[in-house]
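Here is the structure we will look at, set down as structure tokens.
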Amino acid sequence: SRLESPGRRPVQERPGSAKRRCRPSFQGSMGKAGQAKQVFRTFGTKKKATKKVGGEKAKAAPTKLKKNVTPGTVLILLAGRFRGKRVVFLKALESGLMLVTGPYAVNGVPLRRVNQRYCIATSTKVDLKGADFSKVDDAYFARSKDKKKKSKKEDAMFAADAAKAGPSKEKKDGQKQMDEPIVKGLSDDVKGYLKARFSLTARMFPHELKF
């Protein structure tokens, strides 16, 4: 106990207070104690791919088509504006997409590029009758860019007209000319098959169907 001074009450020390005063504080120097972060290192045989700086870009390998997709195969589109429609496969383009046609005179599907992931290949095939589609490539589907700069107001005014604008007359004539030999070789049954839209009804399971 401390010495008693006149006019003051004696102050009694609590048991263990001296130990608390003498205990050093490492909180400021060492930080709070916590769970140590564990770092797991793996030593594999695979090497990380390094990017070449200043080199030319490697050309993409041509996309491999499915075995049952050949020129003349009838496909079912699963996505896009014409989903559910049946089309005729013509050829593979450099971009990896597939060139297909309705034909337009039969079911209203024009020349289009589609991804084979969103198509179902059927066992039905159509004779192309020597139709020439060599002129059609990826540049054929490029949109024409207007060189003139337009203000925002003009863009808003002509937005509706631009949306309604369809293919040019040259493309329409070319479509008709290229589809003509295919349409002549189609029988009435095949034309009806191409016109019909694919859909699933009750108790129809896709994995049980044979296309």
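Letters A, B, ... mark the chains of the structure tokens in the order given; residue numbers begin at 1 per chain; ligand numbers begin at 1, in order shown.
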Mind running segment 81-143 of chain A against segment 196-201 of chain A at 7 Å and telling me each contacting residue's nearest atom pair with the distance in Å (one decimal), counting only C-alpha atoms, chain and number ascending, as a Markdown table?
| residue | atom | partner | partner_atom | distance |
| --- | --- | --- | --- | --- |
| A:Gly84 | CA | A:Phe198 | CA | 4.8 |
| A:Lys85 | CA | A:Arg197 | CA | 5.1 |
| A:Arg86 | CA | A:Arg197 | CA | 6.9 |
For the selection you just gave me, I'd like the residues written to a file as a compact mmCIF listing (two decimals), in the first residue's frame, keeping all heavy atoms.
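Output file selection.txt is given in full below:
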# COMPACT_ATOMS: atom_id res chain seq x y z
N GLY A 84 -35.72 -20.96 -86.17
CA GLY A 84 -36.76 -21.92 -86.48
C GLY A 84 -36.91 -22.19 -87.97
O GLY A 84 -37.58 -23.15 -88.36
N LYS A 85 -36.26 -21.36 -88.79
CA LYS A 85 -36.35 -21.54 -90.24
C LYS A 85 -35.35 -22.60 -90.70
O LYS A 85 -34.29 -22.79 -90.10
CB LYS A 85 -36.06 -20.22 -90.96
CG LYS A 85 -37.16 -19.18 -90.84
CD LYS A 85 -38.29 -19.48 -91.81
CE LYS A 85 -39.28 -18.33 -91.89
NZ LYS A 85 -40.35 -18.57 -92.89
N ARG A 86 -35.68 -23.26 -91.80
CA ARG A 86 -34.78 -24.22 -92.43
C ARG A 86 -34.11 -23.54 -93.61
O ARG A 86 -34.77 -22.89 -94.43
CB ARG A 86 -35.56 -25.45 -92.88
CG ARG A 86 -36.10 -26.27 -91.72
CD ARG A 86 -36.90 -27.47 -92.23
NE ARG A 86 -37.24 -28.38 -91.14
CZ ARG A 86 -38.34 -28.31 -90.42
NH1 ARG A 86 -39.21 -27.35 -90.65
NH2 ARG A 86 -38.57 -29.18 -89.46
Legend entry - Near-Pro103 of chain A list (9 Å; only C-alpha atoms; drop same-chain fewer than 3 positions) as a PyMOL selection string: chain A and resi 87-88+100+106-111+175-176+179-180+182-183+194
Got time to write the residues from that selection, N, CA, C and O atoms, as a tab-separated table (two decimals), in the first residue's frame?
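Output (result_1.tsv):
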chain	number	residue	atom	x	y	z
A	87	VAL	N	-32.80	-23.70	-93.70
A	87	VAL	CA	-32.01	-23.06	-94.75
A	87	VAL	C	-31.08	-24.09	-95.38
A	87	VAL	O	-30.87	-25.18	-94.84
A	88	VAL	N	-30.49	-23.71	-96.51
A	88	VAL	CA	-29.56	-24.58	-97.24
A	88	VAL	C	-28.15	-24.05	-97.06
A	88	VAL	O	-27.90	-22.86	-97.29
A	100	VAL	N	-25.48	-19.34	-95.86
A	100	VAL	CA	-26.71	-20.11	-96.07
A	100	VAL	C	-27.70	-19.26	-96.86
A	100	VAL	O	-27.59	-18.04	-96.93
A	106	VAL	N	-38.39	-19.28	-101.65
A	106	VAL	CA	-39.14	-20.38	-101.05
A	106	VAL	C	-39.66	-20.01	-99.66
A	106	VAL	O	-40.86	-20.10	-99.37
A	107	ASN	N	-38.77	-19.57	-98.77
A	107	ASN	CA	-39.18	-19.29	-97.39
A	107	ASN	C	-38.80	-17.89	-96.90
A	107	ASN	O	-38.96	-17.60	-95.73
A	108	GLY	N	-38.30	-17.05	-97.80
A	108	GLY	CA	-38.04	-15.66	-97.43
A	108	GLY	C	-36.75	-15.42	-96.68
A	108	GLY	O	-36.54	-14.32	-96.16
A	109	VAL	N	-35.85	-16.40	-96.62
A	109	VAL	CA	-34.56	-16.21	-95.94
A	109	VAL	C	-33.51	-15.84	-96.99
A	109	VAL	O	-33.23	-16.64	-97.89
A	110	PRO	N	-32.92	-14.65	-96.90
A	110	PRO	CA	-31.91	-14.24	-97.89
A	110	PRO	C	-30.54	-14.86	-97.56
A	110	PRO	O	-30.41	-15.66	-96.64
A	111	LEU	N	-29.55	-14.49	-98.34
A	111	LEU	CA	-28.19	-14.93	-98.05
A	111	LEU	C	-27.77	-14.39	-96.69
A	111	LEU	O	-27.88	-13.18	-96.42
A	175	GLN	N	-29.18	-12.13	-105.57
A	175	GLN	CA	-29.80	-13.19	-104.78
A	175	GLN	C	-30.71	-14.06	-105.65
A	175	GLN	O	-30.66	-15.29	-105.61
A	176	LYS	N	-31.52	-13.42	-106.46
A	176	LYS	CA	-32.45	-14.15	-107.32
A	176	LYS	C	-31.71	-14.99	-108.36
A	176	LYS	O	-32.08	-16.14	-108.63
A	179	ASP	N	-29.98	-18.04	-106.54
A	179	ASP	CA	-30.92	-19.03	-106.00
A	179	ASP	C	-31.71	-19.76	-107.09
A	179	ASP	O	-32.29	-20.82	-106.82
A	180	GLU	N	-31.74	-19.19	-108.28
A	180	GLU	CA	-32.60	-19.75	-109.34
A	180	GLU	C	-32.31	-21.22	-109.65
A	180	GLU	O	-33.25	-22.04	-109.71
A	182	ILE	N	-31.09	-23.50	-107.72
A	182	ILE	CA	-31.46	-24.33	-106.56
A	182	ILE	C	-32.97	-24.50	-106.50
A	182	ILE	O	-33.48	-25.60	-106.27
A	183	VAL	N	-33.71	-23.40	-106.74
A	183	VAL	CA	-35.17	-23.45	-106.66
A	183	VAL	C	-35.74	-24.37	-107.74
A	183	VAL	O	-36.70	-25.12	-107.50
A	194	LEU	N	-38.95	-26.89	-96.44
A	194	LEU	CA	-38.18	-25.67	-96.19
A	194	LEU	C	-39.07	-24.53	-95.70
A	194	LEU	O	-38.62	-23.66	-94.94
Legend entry - atom CA of Arg117 of chain A to atom CA of Ala131 of chain A, distance in Å rounded to a single decimal: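 For atom CA of Arg117 of chain A relative to atom CA of Ala131 of chain A, the distance reads 25.5 Å.
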Inset, instruction - Please measure the separation of atom CA of Asn68 of chain A and atom CA of Phe211 of chain A, giving the value in Å to one decimal. - result: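 Computing it gives 11.1 Å between the two atoms.
Minimum atom-to-atom distance to Pro71 of chain A, evaluated using only C-alpha atoms, belongs to A:Asp132 out of A:Asp188, A:Glu94, A:Asp173, A:Asp132.
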Inset, instruction - Would you work out the distance separating atom CA of Lys184 of chain A from atom CA of Thr70 of chain A, expressed in Å to one decimal? - result: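 According to the coordinates, atom CA of Lys184 of chain A and atom CA of Thr70 of chain A are separated by 20.2 Å.
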Inset, instruction - Rank nothing, just name the residue among A:Gly80, A:Val74, A:Leu128, A:Pro167 nearest to Val190 of chain A, using only C-alpha atoms. - result: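 Ranked by minimum distance to Val190 of chain A, first place goes to A:Val74.
Using only C-alpha atoms, the smallest distance between any of A:Phe133, A:Lys171, A:Thr124, A:Arg83 and Asp189 of chain A comes from A:Thr124.
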